[in-house]
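Participant: Just dropping this structure here.
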Amino acid sequence: MSRPIARVLPLLEPAHLDRDFDYLVPPEMDELAQPGVRVRVRFSGRLVDGYLLERLEKSDHTGKLVRLERVVSGERVLTPEILALVTAVAARYAGTRADVLRLAIPPRHAKVESEGVEKAEKPERTSKKSPPAADPVVAAGDSADPDVPQVRTAAAHPSDAAISIVPGGGADTAPVQVGDVSATDEVILVAERNSVSVPAAADSGAVAAESSTGASVEQPDLVVLGAGDHSTASVAAVPAGESGQQPVTAASSTLAAEFPAWGRYVHGHSFLGALAEGRGPRAGWQALPGEDWAGRLAELAAVTVRGGRSAVIMVPDQRDLDRVLGECVALVGESAVGLAAGLGPSARYRRWLSVLRGQARVVVGTRSAVFSPVKDLGLIAIWDDGDDTFAEPRSPYPHAREVAMLRAHETGAAFVAGGFSRTAEVQAIVESGWAHDLLADRAVVRQAMPRITAPGDTDAALERDPIAQAIRIPAVAFTEARKAIKAGGPVLVQVPRRGYIPALACAKCRTPARCRHCNGPLALPDSAPASRGALRSGREGVAEAQSPACRWCGITEAAFRCGACGSRALRAVVIGASRTAEELGRAFPGVPVRGSGGSAILNTVPEGPQVVVSTIGAEPRVPGGYAVAMLLDGWALLGRADLRAAEDALRRWMSAAALVRPGGRVIVMADTGIPTVQALVRWDPVWHAGFELEQRTEVRFPPAVRFAAIDGTSDSIAELLGEAKLPDGVEILGPVPLPPGARKPFSSGDSPAEVERMILRADRATGSALSRALTAAQAVRSTHRSDAPLRVQIDPIDIG
């Protein structure tokens with residue numbers, strides 16, 4: 001046996017044990033014990049799961065080594081590329097590789113693994129599949145640390161990965177560690193692969209990803225920009241000609257005829273041509289109103305597969321997954337699979353294995369699909385990256401967009417962040433030069449968009465209806481809805497809150513109504529059995545009056561009395577979707593009223609005159625588009641105490657307005673003086689993203705800076721900060737209470753009553769150093785075996 005030593009990463013929870021260990025390989029396990037397989041090892045007297053990372057000829061440890069207990073399976077589930085990605089994600093988010101691996105690799109299902117071939121449902125339509133590409137040949141290893149007896153420790157900090165990115169300027173150039181690289185920091189990769197030349201800074205060079213064995217894989221060119229100075233380098237994801245337009249190639253001409261819809265976007269066909277040629281362009285794509293975005297993403301994946309590479313597409317939820325997967329199956333056939341947690345253990349693992357074995361070349365999934373072990377990744381795309389479902393709720397709390405950028409950064413794959421709106425994070429990478437705009441001309445946008453107005457947006461409108469801005473549904477909205485229904489068109493009504501009346505207050509003093517038992521908010525619940533998702537006409541299904549009930553404990557308050565003034569009268573603070581549907585049923589007698597939201601979400605509705613009342617994110621599609629859309633209660637979205645309130649409001653509004661046919665009407669009930677409303681009226685999400693980024697840069701909020709939120713008791717936070725060797729320039733803000741709705745950190749004992757949040761703020765140039773300092777501090781704290789709750793999150797979506 002030439003390599004009797006196995007380097008293993010045990011899946012252990014303590015942060016100070018996030019390192020590799022050397023074990024002896026028994027002769028009978030020599031054939032199965034290959035890099036990437038699952039193993040069982042004895043650690044500190046107990047059996048634990050782990051992954052075999054590599055085989056070695058000898059170990060530096062001079063003592064006795066423990067033997068491998070068992071090779072769980074011969075399936076090599078941990079590929080070198082995913083191992084490098086896991087290491088980078090753990091370093092970026094101050095976590096452990098064991099936690100990231102639990103997110104990246106699904107639990108084993110022995111029966112499925114023994115089947116040997118995928119048994120997923122066959123799609124109705126198939127097409128010729130591209131030949132499988134060769135396996136990547138990147139190896140990974142780690143350093144050593146002799147900390148535990150009987151076992152040789154082999155890796156220090158997870159950020160000290162053996163895979164490094166080395167500029168091609170010669171041996172004197174210091175390597176840039178993978179764990180230290182952030183796709184949106186000072187290191188910007190030009191998205192060109194192999195020998196394609198790109199106009200860039202003079203110091204750019206060939207980049208190689210080197211492993212501990214000396215093997216190298218060619219990477220994209222590297223351009224290092226000064227801190228905060230992203231305007232000094234000319235960076236483009238697709239080479240531009242002298243006139244600024246993309247050069248027309250034979251591939252682009254062929255693709256233009258096959259996929260004409262991309263011709264509506266400036267450089268759209270050049271982007272497809274770059275994908276077809278095996279390059280790695282990166283873009284922030286703003287879809288046109290009414291665009292079949294699922295079909296466009298499927299076309300990107302199909303072009304990538306034709307070039308012999310694979311594609312990963314991430315969407316927010318199951319409804320979007322089914323839509324995109326259907327489009328992909330129509331173009332690439334059986335080589336497209338969907339990955340989601342709702343599939344069940346066996347079905348999910350079967351499809352995941354088909355990806356690992358190279359049978360599936362297109363993966364459509366939710367946030368966990370970013371770790372899909374596809375062969376020769378060529379494209380990674382994310383749709384609607386502002387959706388909060390892309391933020392992982394489990395440690396180390398990575399965001400799928402950031403992980404996707406890290407993966408594109410390391411592999412040289414193409415990257416697309418698409419949506420009707422744009423987040424400040426995507427705008428930041430576009431302004432830095434790491435990605436470029438993929439937009440339509442303004443004339444094309446105006447032809448595709450509906451007419452968007454707000455009540456009282458002009459002096460003439462205010463003269464006609466002086467109270468238009470003060471009432472929930474003004475007269476102009478009712479007038480447009482009646483015209484549309486009379487002409488046989490559907491009407492969409494978007495409501496921010498579900499339920500009947502989800503918030504009540506005293507009618508006399510306006511004090512919020514609270515439960516006498518638990519101090520929870522009182523609400524008027526639904527009582528009609530057909531109030532959700534049902535088809536109602538006129539007064540049918542009108543909810544009967546009921547006593548308010550507590551939203552926390554559920555106890556009915558039969559005799560309410562205000563604690564401030566003693567009044568018994570109540571008023572509605574917020575009107576929910578069910579009450580809105582009831583009111584519209586009275587306003588439009590004889591017209592069908594449909595509801596979509598909560599547990600009864602409609603994917604599509606038929607054509608014809610009708611009113612569809614939907615909560616945000618649950619708007620169904622209708623063939624031909626809606627004639628009118630009313631976006632109610634704009635203050636409820638804009639008035640939230642959240643950093644991303646304006647950005648999220650615009651995203652919700654644009655997603656609903658995009659369902660309206662060209663020339664239709666969209667009426668948003670909000671103040672026209674707000675920049676978010678102005679961006680909606682002009683359909684200019686890029687301007688709004690730039691405005692948001694400028695505002696956050698001025699006050700030093702993400703993505704302009706790096707945030708670390710530390711949640712826990714005052715003692716646990718003080719213990720962590722006492723051990724942390726923070727880099728210079730880090731600001732410590734707080735402590736403050738947890739933001740509303742945030743979960744308390746896990747505790748092995750009783751949950752404490754008081755949990756605080758401390759925020760650390762640092763420039764992006766020192767973001768990696770901050771993550772390393774927090775990782776080291778958590779490792780030291782874990783040796784103390786403290787059971788006090790503590791949670792560390794890097795750039796959380798809910799800052800408070």
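Ligands are numbered from 1 in the order shown, residues from 1 within each chain, and chains are lettered A, B, ... in the order they appear in the structure tokens.
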What's the 8 Å shell around Leu85 (chain A), counting only C-alpha atoms, without same-chain residues fewer than 6 positions away, as a list in words?
Facilitator: Leu406, Arg407 and Glu410 of chain A
Participant: Which residues, written as an mmCIF file with all heavy atoms, in the first residue's frame, have at least one atom at most 12 Å from Leu721 (chain A), with only C-alpha atoms counted and residues fewer than 5 positions away on the same chain left out?
Facilitator:
```cif
data_model
loop_
_atom_site.group_PDB
_atom_site.id
_atom_site.type_symbol
_atom_site.label_atom_id
_atom_site.label_comp_id
_atom_site.auth_asym_id
_atom_site.auth_seq_id
_atom_site.Cartn_x
_atom_site.Cartn_y
_atom_site.Cartn_z
ATOM 1 N N ALA A 708 -20.364 42.463 11.274
ATOM 2 C CA ALA A 708 -20.415 41.209 12.024
ATOM 3 C C ALA A 708 -21.352 41.430 13.198
ATOM 4 O O ALA A 708 -21.101 42.293 14.045
ATOM 5 C CB ALA A 708 -19.027 40.801 12.502
ATOM 6 N N ALA A 709 -22.453 40.673 13.238
ATOM 7 C CA ALA A 709 -23.429 40.770 14.323
ATOM 8 C C ALA A 709 -23.183 39.634 15.305
ATOM 9 O O ALA A 709 -23.182 38.459 14.918
ATOM 10 C CB ALA A 709 -24.852 40.708 13.780
ATOM 11 N N ILE A 710 -22.970 39.978 16.567
ATOM 12 C CA ILE A 710 -22.722 38.994 17.616
ATOM 13 C C ILE A 710 -23.914 39.028 18.560
ATOM 14 O O ILE A 710 -24.160 40.037 19.234
ATOM 15 C CB ILE A 710 -21.416 39.299 18.374
ATOM 16 C CG1 ILE A 710 -20.246 39.416 17.387
ATOM 17 C CG2 ILE A 710 -21.137 38.230 19.413
ATOM 18 C CD1 ILE A 710 -18.943 39.846 18.040
ATOM 19 N N ASP A 711 -24.671 37.935 18.616
ATOM 20 C CA ASP A 711 -25.862 37.841 19.448
ATOM 21 C C ASP A 711 -25.590 36.906 20.617
ATOM 22 O O ASP A 711 -25.013 35.821 20.444
ATOM 23 C CB ASP A 711 -27.052 37.315 18.639
ATOM 24 C CG ASP A 711 -27.351 38.185 17.431
ATOM 25 O OD1 ASP A 711 -27.012 39.379 17.473
ATOM 26 O OD2 ASP A 711 -27.909 37.657 16.444
ATOM 27 N N GLY A 712 -26.017 37.301 21.798
ATOM 28 C CA GLY A 712 -25.845 36.472 22.979
ATOM 29 C C GLY A 712 -26.100 37.270 24.239
ATOM 30 O O GLY A 712 -26.577 38.417 24.199
ATOM 31 N N SER A 714 -24.833 39.282 27.670
ATOM 32 C CA SER A 714 -23.748 40.254 27.846
ATOM 33 C C SER A 714 -22.444 39.565 28.238
ATOM 34 O O SER A 714 -21.362 39.968 27.798
ATOM 35 C CB SER A 714 -24.144 41.283 28.911
ATOM 36 O OG SER A 714 -24.453 40.632 30.143
ATOM 37 N N ASP A 715 -22.533 38.471 29.015
ATOM 38 C CA ASP A 715 -21.319 37.759 29.433
ATOM 39 C C ASP A 715 -20.680 37.020 28.269
ATOM 40 O O ASP A 715 -19.451 37.044 28.101
ATOM 41 C CB ASP A 715 -21.643 36.785 30.562
ATOM 42 C CG ASP A 715 -22.052 37.492 31.844
ATOM 43 O OD1 ASP A 715 -21.696 38.676 31.991
ATOM 44 O OD2 ASP A 715 -22.738 36.865 32.675
ATOM 45 N N SER A 716 -21.494 36.332 27.443
ATOM 46 C CA SER A 716 -20.928 35.563 26.332
ATOM 47 C C SER A 716 -20.320 36.484 25.274
ATOM 48 O O SER A 716 -19.286 36.172 24.685
ATOM 49 C CB SER A 716 -22.008 34.663 25.703
ATOM 50 O OG SER A 716 -23.068 35.452 25.175
ATOM 51 N N LEU A 726 -8.989 41.856 17.297
ATOM 52 C CA LEU A 726 -9.613 42.547 16.168
ATOM 53 C C LEU A 726 -8.588 43.394 15.433
ATOM 54 O O LEU A 726 -7.687 43.982 16.043
ATOM 55 C CB LEU A 726 -10.755 43.429 16.660
ATOM 56 C CG LEU A 726 -11.903 42.716 17.391
ATOM 57 C CD1 LEU A 726 -12.916 43.728 17.884
ATOM 58 C CD2 LEU A 726 -12.575 41.702 16.466
ATOM 59 N N VAL A 730 -11.624 48.575 13.406
ATOM 60 C CA VAL A 730 -12.930 47.954 13.620
ATOM 61 C C VAL A 730 -13.713 48.764 14.645
ATOM 62 O O VAL A 730 -13.217 49.048 15.741
ATOM 63 C CB VAL A 730 -12.777 46.498 14.082
ATOM 64 C CG1 VAL A 730 -14.140 45.898 14.408
ATOM 65 C CG2 VAL A 730 -12.085 45.675 13.010
ATOM 66 N N ILE A 732 -16.915 49.116 17.221
ATOM 67 C CA ILE A 732 -17.801 48.289 18.034
ATOM 68 C C ILE A 732 -19.033 49.115 18.369
ATOM 69 O O ILE A 732 -18.938 50.167 19.018
ATOM 70 C CB ILE A 732 -17.097 47.812 19.317
ATOM 71 C CG1 ILE A 732 -15.847 46.998 18.962
ATOM 72 C CG2 ILE A 732 -18.048 46.978 20.167
ATOM 73 C CD1 ILE A 732 -15.079 46.504 20.171
ATOM 74 N N MET A 758 -24.345 42.849 19.513
ATOM 75 C CA MET A 758 -23.210 43.749 19.338
ATOM 76 C C MET A 758 -22.807 43.709 17.871
ATOM 77 O O MET A 758 -22.749 42.628 17.272
ATOM 78 C CB MET A 758 -22.042 43.315 20.218
ATOM 79 C CG MET A 758 -20.908 44.323 20.283
ATOM 80 S SD MET A 758 -21.264 45.698 21.380
ATOM 81 C CE MET A 758 -21.040 44.891 22.976
ATOM 82 N N ILE A 759 -22.531 44.850 17.296
ATOM 83 C CA ILE A 759 -22.197 44.931 15.875
ATOM 84 C C ILE A 759 -20.757 45.424 15.731
ATOM 85 O O ILE A 759 -20.367 46.427 16.337
ATOM 86 C CB ILE A 759 -23.168 45.862 15.128
ATOM 87 C CG1 ILE A 759 -24.571 45.247 15.088
ATOM 88 C CG2 ILE A 759 -22.677 46.124 13.711
ATOM 89 C CD1 ILE A 759 -25.605 46.101 14.408
ATOM 90 N N LEU A 760 -19.989 44.705 14.934
ATOM 91 C CA LEU A 760 -18.635 45.112 14.587
ATOM 92 C C LEU A 760 -18.643 45.582 13.138
ATOM 93 O O LEU A 760 -19.156 44.891 12.257
ATOM 94 C CB LEU A 760 -17.650 43.951 14.760
ATOM 95 C CG LEU A 760 -17.652 43.242 16.123
ATOM 96 C CD1 LEU A 760 -16.579 42.166 16.150
ATOM 97 C CD2 LEU A 760 -17.448 44.226 17.249
ATOM 98 N N LEU A 770 -11.156 40.480 9.900
ATOM 99 C CA LEU A 770 -12.185 40.443 10.932
ATOM 100 C C LEU A 770 -12.769 39.038 11.065
ATOM 101 O O LEU A 770 -12.965 38.540 12.186
ATOM 102 C CB LEU A 770 -13.286 41.442 10.602
ATOM 103 C CG LEU A 770 -14.516 41.446 11.519
ATOM 104 C CD1 LEU A 770 -14.113 41.799 12.944
ATOM 105 C CD2 LEU A 770 -15.576 42.411 11.003
ATOM 106 N N ALA A 773 -10.279 36.807 12.834
ATOM 107 C CA ALA A 773 -10.194 37.108 14.263
ATOM 108 C C ALA A 773 -11.373 36.511 15.020
ATOM 109 O O ALA A 773 -11.210 35.952 16.117
ATOM 110 C CB ALA A 773 -10.129 38.615 14.471
ATOM 111 N N LEU A 774 -12.572 36.592 14.445
ATOM 112 C CA LEU A 774 -13.746 36.038 15.110
ATOM 113 C C LEU A 774 -13.704 34.515 15.116
ATOM 114 O O LEU A 774 -14.146 33.875 16.089
ATOM 115 C CB LEU A 774 -15.018 36.535 14.421
ATOM 116 C CG LEU A 774 -15.320 38.033 14.581
ATOM 117 C CD1 LEU A 774 -16.531 38.428 13.756
ATOM 118 C CD2 LEU A 774 -15.543 38.377 16.052
ATOM 119 N N THR A 775 -13.193 33.910 14.040
ATOM 120 C CA THR A 775 -13.061 32.450 14.013
ATOM 121 C C THR A 775 -12.092 31.977 15.090
ATOM 122 O O THR A 775 -12.361 31.002 15.808
ATOM 123 C CB THR A 775 -12.574 31.989 12.634
ATOM 124 O OG1 THR A 775 -13.484 32.457 11.629
ATOM 125 C CG2 THR A 775 -12.494 30.478 12.562
ATOM 126 N N ALA A 776 -10.963 32.652 15.215
ATOM 127 C CA ALA A 776 -9.993 32.268 16.236
ATOM 128 C C ALA A 776 -10.559 32.463 17.636
ATOM 129 O O ALA A 776 -10.338 31.636 18.530
ATOM 130 C CB ALA A 776 -8.715 33.084 16.060
ATOM 131 N N ALA A 777 -11.314 33.548 17.845
ATOM 132 C CA ALA A 777 -11.903 33.789 19.160
ATOM 133 C C ALA A 777 -12.943 32.729 19.508
ATOM 134 O O ALA A 777 -13.032 32.286 20.668
ATOM 135 C CB ALA A 777 -12.533 35.182 19.196
ATOM 136 N N GLN A 778 -13.727 32.300 18.529
ATOM 137 C CA GLN A 778 -14.696 31.237 18.785
ATOM 138 C C GLN A 778 -14.001 29.912 19.101
ATOM 139 O O GLN A 778 -14.492 29.127 19.923
ATOM 140 C CB GLN A 778 -15.613 31.062 17.570
ATOM 141 C CG GLN A 778 -16.557 32.218 17.337
ATOM 142 C CD GLN A 778 -17.466 31.990 16.147
ATOM 143 O OE1 GLN A 778 -18.529 31.392 16.257
ATOM 144 N NE2 GLN A 778 -17.033 32.453 14.984
ATOM 145 N N VAL A 780 -11.083 29.600 20.626
ATOM 146 C CA VAL A 780 -10.613 29.695 22.012
ATOM 147 C C VAL A 780 -11.776 29.541 22.985
ATOM 148 O O VAL A 780 -11.677 28.838 24.007
ATOM 149 C CB VAL A 780 -9.877 31.032 22.232
ATOM 150 C CG1 VAL A 780 -9.521 31.207 23.704
ATOM 151 C CG2 VAL A 780 -8.634 31.104 21.371
ATOM 152 N N ARG A 781 -12.896 30.188 22.682
ATOM 153 C CA ARG A 781 -14.058 30.109 23.575
ATOM 154 C C ARG A 781 -14.592 28.686 23.660
ATOM 155 O O ARG A 781 -15.065 28.256 24.718
ATOM 156 C CB ARG A 781 -15.144 31.064 23.083
ATOM 157 C CG ARG A 781 -16.382 31.086 23.960
ATOM 158 C CD ARG A 781 -17.419 32.074 23.457
ATOM 159 N NE ARG A 781 -18.600 32.077 24.297
ATOM 160 C CZ ARG A 781 -19.635 31.258 24.119
ATOM 161 N NH1 ARG A 781 -19.642 30.384 23.116
ATOM 162 N NH2 ARG A 781 -20.676 31.322 24.943
ATOM 163 N N LEU A 790 -24.496 32.008 21.989
ATOM 164 C CA LEU A 790 -23.702 32.968 21.221
ATOM 165 C C LEU A 790 -23.846 32.637 19.741
ATOM 166 O O LEU A 790 -23.840 31.468 19.351
ATOM 167 C CB LEU A 790 -22.230 32.913 21.621
ATOM 168 C CG LEU A 790 -21.330 33.974 20.966
ATOM 169 C CD1 LEU A 790 -21.617 35.346 21.563
ATOM 170 C CD2 LEU A 790 -19.863 33.622 21.142
ATOM 171 N N VAL A 792 -22.569 34.253 15.798
ATOM 172 C CA VAL A 792 -21.803 35.211 15.006
ATOM 173 C C VAL A 792 -22.305 35.148 13.573
ATOM 174 O O VAL A 792 -22.297 34.076 12.953
ATOM 175 C CB VAL A 792 -20.295 34.919 15.068
ATOM 176 C CG1 VAL A 792 -19.531 35.879 14.157
ATOM 177 C CG2 VAL A 792 -19.779 35.032 16.500
#
```
Participant: Kindly give the distance, in Å, that separates CA of Gln793 (chain A) and CA of Arg764 (chain A), rounded to a single decimal.
Facilitator: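 Atom-to-atom, CA of Gln793 (chain A) and CA of Arg764 (chain A) are spaced 15.6 Å apart.
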Participant: Using only C-alpha atoms, pick whichever of A:Val41, A:Val329, A:Ile601, A:Ala704 has the shortest atom-to-atom distance to Ser432 (chain A).
Facilitator: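 Among the listed residues, the smallest separation from Ser432 (chain A) belongs to A:Ala704.
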Participant: Smallest atom-to-atom distance to Asp387 (chain A): which of A:Gly412, A:Arg551, A:Ile799, A:Arg651, using only C-alpha atoms?
Facilitator: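 Closest residue, counting only C-alpha atoms: A:Arg651.
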Participant: If we count only C-alpha atoms, what is near Glu31 (chain A) at a cut-off of 12 Å, once residues fewer than 6 positions away on the same chain are taken out, given as a count of residues only?
Facilitator: 11
Participant: So which residues of region 354-515 of chain A fall under helix (DSSP H, G or I) by DSSP, listed as a PyMOL selection string?
Facilitator: chain A and resi 354-356+367-371+388-390+400-411+424-432+442-448+459-464+475-486
Participant: Suppose you want the space between CA of Pro548 (chain A) and CA of Gly576 (chain A); what is it in Å?
Facilitator: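 It comes out at 14.2 Å.
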Participant: In Å to one decimal, how far is CA of Ile473 (chain A) from CA of Leu632 (chain A)?
Facilitator: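 Computed distance, CA of Leu632 (chain A) to CA of Ile473 (chain A), equals 7.3 Å.
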Participant: Which residue out of A:Ile674, A:Ala84, A:Ala762, A:Val312 has the minimum interatomic distance to Lys375 (chain A) when only C-alpha atoms are used?
Facilitator: A:Val312
Participant: What's around Ala641 (chain A) at 10 Å? Count only C-alpha atoms, leave out sequence neighbours fewer than 2 positions away in its own chain, and write the answer as a short mmCIF file (atom, residue, chain, number, x, y, z; two decimals) with N, CA, C and O atoms, in the first residue's frame.
Facilitator:
```cif
data_model
loop_
_atom_site.label_atom_id
_atom_site.label_comp_id
_atom_site.auth_asym_id
_atom_site.auth_seq_id
_atom_site.Cartn_x
_atom_site.Cartn_y
_atom_site.Cartn_z
N LEU A 637 -44.92 48.73 3.59
CA LEU A 637 -43.64 48.21 3.12
C LEU A 637 -42.52 49.22 3.33
O LEU A 637 -41.42 48.86 3.74
N LEU A 638 -42.80 50.49 3.05
CA LEU A 638 -41.75 51.50 3.15
C LEU A 638 -41.45 51.91 4.59
O LEU A 638 -40.35 52.38 4.89
N GLY A 639 -42.42 51.74 5.48
CA GLY A 639 -42.26 52.21 6.85
C GLY A 639 -41.61 51.22 7.79
O GLY A 639 -41.51 51.50 8.99
N LEU A 643 -33.06 48.10 7.17
CA LEU A 643 -32.13 48.72 6.23
C LEU A 643 -32.58 48.52 4.80
O LEU A 643 -32.40 49.40 3.95
N ARG A 644 -33.17 47.39 4.51
CA ARG A 644 -33.55 47.04 3.14
C ARG A 644 -35.04 47.25 2.87
O ARG A 644 -35.59 46.65 1.94
N ALA A 645 -35.71 48.09 3.64
CA ALA A 645 -37.15 48.29 3.48
C ALA A 645 -37.47 48.87 2.10
O ALA A 645 -38.36 48.37 1.39
N PRO A 739 -33.20 42.58 16.74
CA PRO A 739 -34.24 43.17 15.91
C PRO A 739 -35.53 42.37 15.98
O PRO A 739 -35.50 41.16 16.27
N PRO A 740 -36.68 42.99 15.77
CA PRO A 740 -37.96 42.27 15.84
C PRO A 740 -37.99 41.09 14.86
O PRO A 740 -37.60 41.19 13.71
N ASP A 798 -30.86 40.99 8.43
CA ASP A 798 -31.62 41.76 9.42
C ASP A 798 -30.64 42.37 10.40
O ASP A 798 -30.14 41.69 11.31
N ILE A 799 -30.36 43.64 10.22
CA ILE A 799 -29.42 44.32 11.11
C ILE A 799 -30.13 44.91 12.31
O ILE A 799 -29.61 44.91 13.42
N GLY A 800 -31.35 45.38 12.12
CA GLY A 800 -32.11 45.96 13.22
C GLY A 800 -32.02 47.47 13.24
O GLY A 800 -31.41 48.10 12.41
#
```
